[in-house]
file upload-v8.cif (mmCIF, C-alpha atoms)
data_coords
#
loop_
_atom_site.label_atom_id
_atom_site.label_comp_id
_atom_site.auth_asym_id
_atom_site.auth_seq_id
_atom_site.Cartn_x
_atom_site.Cartn_y
_atom_site.Cartn_z
CA MET W 1196 199.28 77.56 227.09
CA ARG W 1197 196.33 76.41 224.96
CA ILE W 1198 192.83 76.48 226.45
CA TRP W 1199 189.47 75.28 225.14
CA LEU W 1200 186.03 74.24 226.41
CA SER W 1201 185.10 70.56 226.25
CA ASN W 1202 182.19 71.23 223.89
CA ASP W 1203 184.11 73.58 221.59
CA LEU W 1204 186.72 72.50 219.05
CA SER W 1205 188.27 75.96 218.81
CA ALA W 1206 191.17 76.78 221.14
CA LEU W 1207 192.92 79.93 222.26
CA SER W 1208 196.69 80.13 222.81
CA PHE W 1209 198.33 82.48 225.29
CA PRO W 1210 201.93 83.62 225.83
CA ARG W 1211 203.84 82.62 228.94
CA HIS W 1212 205.05 86.09 229.93
CA ARG W 1213 201.90 87.14 231.79
CA SER W 1214 199.11 85.71 233.93
CA ILE W 1215 196.07 84.32 232.10
CA TRP W 1216 192.72 85.07 233.70
CA ILE W 1217 189.87 82.54 233.37
CA GLY W 1218 186.30 83.52 234.29
CA GLY W 1219 182.93 84.77 233.13
CA ALA W 1220 183.70 88.46 232.56
CA THR W 1221 183.90 89.28 228.85
CA TYR W 1222 186.10 92.34 229.25
CA ALA W 1223 188.10 91.31 232.32
CA ASP W 1224 189.06 87.68 231.68
CA ASP W 1225 191.40 86.42 228.98
CA PHE W 1226 189.48 83.15 228.54
CA VAL W 1227 185.74 83.56 229.08
CA VAL W 1228 183.67 80.69 230.50
CA SER W 1229 179.98 81.58 230.29
CA GLY W 1230 178.33 81.64 233.73
CA ALA W 1231 181.59 81.41 235.66
CA PRO W 1232 182.40 84.09 238.24
CA LYS W 1233 184.69 86.93 237.24
CA GLY W 1234 188.36 85.97 237.69
CA ALA W 1235 187.61 82.42 238.77
CA ALA W 1236 191.22 81.35 238.28
CA THR W 1237 194.56 82.41 236.85
CA LEU W 1238 197.31 80.55 235.04
CA LYS W 1239 200.85 81.71 235.64
CA PHE W 1240 204.11 80.57 234.06
CA GLN W 1241 207.21 80.09 236.18
CA GLU W 1242 210.65 79.44 234.73
CA PRO W 1243 211.97 77.21 233.41
CA SER W 1244 208.87 75.41 232.11
CA THR W 1245 206.15 75.18 234.77
CA TRP W 1246 202.54 76.40 234.75
CA TYR W 1247 200.55 76.98 237.96
CA LEU W 1248 196.76 77.18 238.24
CA HIS W 1249 195.55 79.45 241.05
CA ALA W 1250 191.92 79.25 242.20
CA ILE W 1251 190.60 82.70 243.12
CA ALA W 1252 186.81 83.09 243.04
CA ALA W 1253 185.74 79.46 242.77
CA ASP W 1254 186.76 75.94 243.71
CA LEU W 1255 188.32 73.87 240.93
CA GLU W 1256 188.55 70.20 240.15
CA ILE W 1257 191.64 68.90 238.34
CA GLU W 1258 191.02 65.70 236.42
CA GLU W 1259 194.22 63.71 236.05
CA LYS W 1260 194.74 60.26 234.56
CA SER W 1261 193.29 58.19 237.39
CA HIS W 1262 191.99 60.60 240.02
CA VAL W 1263 190.51 64.02 240.72
CA VAL W 1264 192.26 66.73 242.73
CA MET W 1265 190.24 69.45 244.47
CA ILE W 1266 191.69 72.97 244.40
CA LYS W 1267 190.12 75.25 246.98
CA LYS W 1268 189.90 79.00 246.59
CA ASN W 1269 193.17 80.89 247.20
CA THR W 1270 195.32 77.82 246.60
CA SER W 1271 197.57 76.90 243.68
CA TYR W 1272 198.29 73.73 241.75
CA LYS W 1273 201.32 72.84 239.63
CA LEU W 1274 200.14 71.60 236.24
CA PRO W 1275 201.66 68.49 234.71
CA SER W 1276 203.29 68.86 231.31
CA ASN W 1277 200.47 67.09 229.48
CA THR W 1278 196.82 67.85 228.79
CA ILE W 1279 194.53 68.06 231.84
CA LYS W 1280 190.89 68.96 232.41
CA VAL W 1281 189.65 71.56 234.89
CA ARG W 1282 186.08 71.70 236.15
CA ILE W 1283 184.98 75.05 237.57
CA GLN W 1284 182.52 74.44 240.40
CA PRO W 1285 179.64 74.77 241.08
CA LEU W 1286 178.78 75.39 237.42
CA GLY W 1287 180.28 72.17 236.14
CA GLN W 1288 181.96 73.90 233.19
CA GLU W 1289 184.85 71.80 231.93
CA VAL W 1290 187.95 73.55 230.57
CA THR W 1291 190.88 71.76 228.96
CA LEU W 1292 194.37 73.12 229.59
CA ARG W 1293 197.41 72.12 227.58
CA PRO W 1294 200.91 73.55 228.03
CA CYS W 1295 201.97 73.85 224.41
CA PHE W 1296 204.12 75.47 221.78
CA SER W 1297 202.59 78.50 220.09
CA ALA W 1298 205.24 79.84 217.77
CA ARG W 1299 203.78 83.20 216.87
CA ARG W 1300 203.41 84.13 220.55
CA ALA W 1301 206.52 82.41 221.83
CA LEU W 1302 209.16 83.79 219.47
CA SER W 1303 210.58 87.22 220.25
CA SER W 1304 210.09 89.95 217.66
CA ASP W 1305 213.75 90.07 216.60
CA LEU W 1306 213.81 86.51 215.24
CA VAL W 1307 213.98 86.54 211.46
CA ALA W 1308 211.48 83.77 210.63
CA SER W 1309 208.51 82.06 212.24
CA LEU W 1310 209.30 78.56 213.42
CA GLN W 1311 205.64 77.65 212.99
CA GLU W 1312 205.93 77.99 209.22
CA GLN W 1313 208.85 75.54 209.13
CA LEU W 1314 207.22 72.67 211.00
CA PRO W 1315 205.78 69.79 208.95
CA CYS W 1316 202.11 70.23 208.08
CA GLU W 1317 199.69 68.92 210.71
CA CYS W 1318 197.76 66.95 208.07
CA ASP W 1319 200.85 64.87 207.29
CA PHE W 1320 200.56 61.75 209.44
CA SER W 1321 204.19 60.78 208.74
CA ARG W 1322 205.54 63.94 210.35
CA PRO W 1323 209.28 63.27 210.56
CA PRO W 1324 211.46 64.08 213.57
CA LEU W 1325 213.52 67.26 213.51
CA VAL W 1326 216.33 69.15 215.19
CA LEU W 1327 215.87 72.77 216.28
CA VAL W 1328 218.77 75.21 215.98
CA HIS W 1329 219.06 78.71 217.40
CA PHE W 1330 221.20 80.62 214.90
CA GLN W 1331 222.89 83.92 215.83
CA LEU W 1332 224.01 85.99 212.84
CA GLU W 1333 226.67 88.70 212.86
CA LEU W 1334 226.87 90.86 209.75
CA LYS W 1335 230.04 92.89 209.26
CA ASP W 1336 230.36 95.83 206.93
CA LYS W 1337 233.65 96.27 205.02
CA ALA W 1338 233.49 99.98 205.69
CA SER W 1339 233.48 99.42 209.45
CA THR W 1340 236.83 99.65 211.22
CA GLY W 1341 235.51 98.16 214.46
CA ALA W 1342 236.12 94.58 215.55
CA HIS W 1343 232.48 93.86 216.28
CA ALA W 1344 229.46 93.20 214.14
CA VAL W 1345 227.55 96.22 212.94
CA MET W 1346 224.29 94.30 212.69
CA PHE W 1347 222.89 91.25 214.42
CA SER W 1348 219.90 88.99 213.91
CA GLU W 1349 218.54 85.70 215.25
CA HIS W 1350 216.68 82.76 213.76
CA ILE W 1351 215.31 79.45 215.01
CA GLY W 1352 215.42 76.81 212.30
CA ALA W 1353 213.66 73.44 212.12
CA ILE W 1354 215.87 70.94 210.28
CA VAL W 1355 213.92 67.91 209.11
CA ALA W 1356 215.25 64.58 207.82
CA GLN W 1357 215.34 64.25 204.02
CA GLU W 1358 214.85 68.00 203.58
CA PRO W 1359 218.01 70.11 203.10
CA PHE W 1360 218.16 73.28 205.17
CA THR W 1361 219.76 75.95 202.99
CA ILE W 1362 221.40 79.20 204.07
CA GLY W 1363 221.75 82.10 201.63
CA ARG W 1364 220.49 85.48 200.54
CA ARG W 1365 217.77 84.19 198.22
CA GLY W 1366 214.19 84.17 199.49
CA ALA W 1367 213.83 80.45 198.80
CA SER W 1368 216.57 79.59 201.33
CA SER W 1369 215.52 78.12 204.67
CA LEU W 1370 217.58 80.75 206.50
CA VAL W 1371 217.64 83.99 204.53
CA ILE W 1372 220.57 86.27 205.35
CA PRO W 1373 219.23 89.84 205.63
CA MET W 1374 221.40 91.87 203.29
CA ALA W 1375 222.15 95.59 203.39
CA GLY W 1376 224.54 97.72 201.35
CA ASN W 1377 227.70 95.95 200.15
CA LEU W 1378 227.08 92.88 202.32
CA SER W 1379 225.12 91.21 199.53
CA ALA W 1380 228.22 90.46 197.45
CA SER W 1381 229.74 88.16 200.09
CA VAL W 1382 226.84 85.71 200.40
CA SER W 1383 225.55 83.58 197.53
CA ARG W 1384 221.87 82.95 196.84
CA HIS W 1385 222.26 79.39 198.17
CA HIS W 1386 225.50 79.52 200.13
CA CYS W 1387 225.61 76.34 202.24
CA CYS W 1388 223.41 73.40 203.26
CA VAL W 1389 222.70 71.71 206.57
CA HIS W 1390 221.39 68.12 206.55
CA LEU W 1391 219.97 65.92 209.28
CA GLU W 1392 221.71 62.56 209.02
CA GLY W 1393 220.18 60.14 211.48
CA ASP W 1394 220.23 62.06 214.77
CA HIS W 1395 223.02 64.55 213.99
CA LEU W 1396 223.62 67.53 211.70
CA VAL W 1397 226.16 67.87 208.89
CA VAL W 1398 227.05 70.92 206.78
CA PHE W 1399 228.67 71.54 203.39
CA ASP W 1400 229.17 74.44 200.98
CA ALA W 1401 226.57 74.77 198.21
CA GLY W 1402 228.99 75.95 195.52
CA SER W 1403 229.13 79.52 196.78
CA MET W 1404 231.38 82.24 195.33
CA CYS W 1405 233.23 82.99 198.59
CA GLY W 1406 233.14 79.54 200.20
CA THR W 1407 232.09 78.45 203.69
CA LYS W 1408 234.27 77.86 206.75
CA LEU W 1409 233.35 75.76 209.76
CA ASN W 1410 235.34 76.85 212.81
CA GLY W 1411 237.96 78.22 210.40
CA GLN W 1412 238.14 75.09 208.21
CA VAL W 1413 237.12 75.37 204.55
CA LEU W 1414 234.21 73.07 203.66
CA GLY W 1415 233.79 70.95 200.55
CA ASP W 1416 230.85 71.46 198.21
CA THR W 1417 229.21 68.01 198.24
CA LEU W 1418 227.14 66.06 200.74
CA ALA W 1419 229.81 63.36 200.69
CA SER W 1420 232.35 65.89 202.03
CA ALA W 1421 230.01 67.27 204.73
CA HIS W 1422 231.33 67.88 208.25
CA PRO W 1423 229.46 67.23 211.51
CA LEU W 1424 227.81 70.32 212.97
CA HIS W 1425 227.37 70.85 216.71
CA GLN W 1426 226.23 73.41 219.26
CA SER W 1427 228.60 76.43 219.55
CA ASP W 1428 230.11 75.80 216.09
CA VAL W 1429 230.72 78.87 213.91
CA LEU W 1430 230.08 79.20 210.16
CA ASP W 1431 231.80 81.99 208.22
CA MET W 1432 230.36 83.06 204.86
CA GLY W 1433 232.07 86.16 203.52
CA GLN W 1434 231.15 89.00 205.86
CA VAL W 1435 228.55 86.94 207.69
CA ARG W 1436 229.28 84.81 210.76
CA ILE W 1437 226.69 82.38 212.09
CA ARG W 1438 226.97 80.73 215.51
CA LEU W 1439 224.89 77.74 216.52
CA ALA W 1440 223.94 79.07 219.94
CA LYS W 1441 221.72 76.11 220.81
CA VAL W 1442 220.96 72.76 219.19
CA SER W 1443 218.15 70.47 220.34
CA PRO W 1444 218.25 66.69 220.39
CA LEU W 1445 216.11 64.86 217.85
CA ILE W 1446 212.46 65.60 218.73
CA GLY W 1447 209.05 64.88 217.24
CA ALA W 1448 207.34 67.59 215.21
CA ASP W 1449 204.21 67.11 217.32
CA ASP W 1450 206.04 67.21 220.67
CA GLU W 1451 204.75 70.62 221.70
CA THR W 1452 206.27 70.44 225.17
CA ALA W 1453 209.79 69.90 223.77
CA LEU W 1454 209.29 72.70 221.23
CA ALA W 1455 208.11 75.10 223.93
CA MET W 1456 210.98 74.21 226.26
CA PHE W 1457 213.54 74.83 223.51
CA VAL W 1458 212.13 78.23 222.56
CA GLY W 1459 211.67 79.23 226.20
CA GLY W 1460 215.30 78.41 226.94
CA VAL W 1461 216.79 80.43 224.08
CA ASP W 1462 219.35 82.93 225.35
CA HIS W 1463 219.18 86.25 223.53
CA SER W 1464 222.16 87.82 225.30
CA VAL W 1465 225.12 88.14 222.94
CA PRO W 1466 228.10 90.13 224.24
CA ASN W 1467 230.02 92.70 222.21
CA VAL W 1468 227.43 92.95 219.46
CA VAL W 1469 225.88 96.24 218.45
CA ARG W 1470 222.19 95.60 217.87
CA ARG W 1471 220.73 97.74 215.12
CA PRO W 1472 217.58 97.36 212.99
CA LEU W 1473 218.16 95.28 209.87
CA LEU W 1474 217.16 97.90 207.34
CA ILE W 1475 217.33 96.95 203.68
CA PRO W 1476 217.88 100.05 201.51
CA PRO W 1477 215.37 100.68 198.73
CA ALA W 1478 216.31 99.47 195.25
#

call {"tool": "encode", "arguments": {"input": "upload-v8.cif", "output": "structure tokens"}}
result
Amino acid sequence: MRIWLSNDLSALSFPRHRSIWIGGATYADDFVVSGAPKGAATLKFQEPSTWYLHAIAADLEIEEKSHVVMIKKNTSYKLPSNTIKVRIQPLGQEVTLRPCFSARRALSSDLVASLQEQLPCECDFSRPPLVLVHFQLELKDKASTGAHAVMFSEHIGAIVAQEPFTIGRRGASSLVIPMAGNLSASVSRHHCCVHLEGDHLVVFDAGSMCGTKLNGQVLGDTLASAHPLHQSDVLDMGQVRIRLAKVSPLIGADDETALAMFVGGVDHSVPNVVRRPLLIPPA
């Protein structure tokens, strides 16, 4: 949720996992409106993607597209998915509320990269559409005799048209495989590439040493030989296995509601995987 005053260009973003208090108390409210009563209202997120505004110490006015809705004290209002304006009475302070995507707050701490850094720059007016992918990585150590992964990590990638999404162990790759011990020998610096062709994804090997398999099938090493890539597909690269746990439809880079819904719906439960910190040994 992003909140700002009508006369202030700066905005504050808040996570969805707790209530957001709006009022005039500097040390008690999350978003402070000068002159408003303490705890005038709260915003609360309810799964799967709904925000509710609850009036507590003051009446509120909700300004929608063509009419105004009065919210009396101790009543709640379901917010629409677009930007709305709230007027806290009797002070007349106008607050703008916008359910939005805030990557640094929304992503859980175990995801490898920040999705925010992958999205096209806001100053680019030609921001192309993209597909979001929730990657789940299993890293298997040769020394392990167990059947399950010894390490696990997650990543949400933004794959944009005309920009190859590379997977490998080099820092310049879009998805960097976290290496530890003897795992590094099985993954090349740029191991494979994912492209957005129209509204669907394709994948091909990038000339790696060990090759890439898609659902057990060996991939070619040119874009012309690329195979379609879908949700639940599995890529094998040496001792690393990557599953596409979730794939979004084609969405706009500025569609914050769609971005937020995708991230909020990511399932972090992976059975039979031992979760351990991804510790890279010192050189």

call {"tool": "atom_distance", "arguments": {"input": "upload-v8.cif", "atom1": "CA of Met1196 in chain W", "atom2": "CA of Lys1239 in chain W"}}
result
9.6 Å

call {"tool": "closest_residue", "arguments": {"input": "upload-v8.cif", "among": "W:Gly1402, W:Pro1232, W:Pro1324, W:Gly1411", "to": "Leu1430 in chain W", "atoms": "all atoms listed in the file"}}
result
W:Gly1411

call {"tool": "atom_distance", "arguments": {"input": "upload-v8.cif", "atom1": "CA of Thr1221 in chain W", "atom2": "CA of Gln1288 in chain W"}}
result
16.1 Å

call {"tool": "closest_residue", "arguments": {"input": "upload-v8.cif", "among": "W:Gln1331, W:Ser1368, W:Ser1403, W:Ser1229", "to": "Ala1440 in chain W", "atoms": "all atoms listed in the file"}}
result
W:Gln1331

call {"tool": "atom_distance", "arguments": {"input": "upload-v8.cif", "atom1": "CA of Ala1401 in chain W", "atom2": "CA of Thr1361 in chain W"}}
result
8.4 Å

call {"tool": "closest_residue", "arguments": {"input": "upload-v8.cif", "among": "W:Val1371, W:Val1290, W:Val1398, W:Leu1334", "to": "Ile1351 in chain W", "atoms": "all atoms listed in the file"}}
result
W:Val1371

call {"tool": "closest_residue", "arguments": {"input": "upload-v8.cif", "among": "W:Arg1282, W:His1262, W:Lys1233, W:Lys1441", "to": "Ala1220 in chain W", "atoms": "all atoms listed in the file"}}
result
W:Lys1233

call {"tool": "resolve_selection", "arguments": {"input": "upload-v8.cif", "expression": "the PyMOL selection byres ((chain W and resi 1266) around 10)", "output": "list in words"}}
result
Leu1248, His1249, Ala1250, Ile1251, Ala1253, Asp1254, Leu1255, Glu1256, Ile1257, Val1263, Val1264, Met1265, Lys1267, Lys1268, Asn1269, Thr1270, Ser1271, Tyr1272, Val1281 and Ile1283 of chain W

call {"tool": "closest_residue", "arguments": {"input": "upload-v8.cif", "among": "W:Ile1217, W:Ile1362, W:Leu1207, W:Leu1238", "to": "Thr1407 in chain W", "atoms": "all atoms listed in the file"}}
result
W:Ile1362

call {"tool": "closest_residue", "arguments": {"input": "upload-v8.cif", "among": "W:Gly1393, W:Gly1219, W:Gly1406, W:Gly1447", "to": "Asp1431 in chain W", "atoms": "all atoms listed in the file"}}
result
W:Gly1406
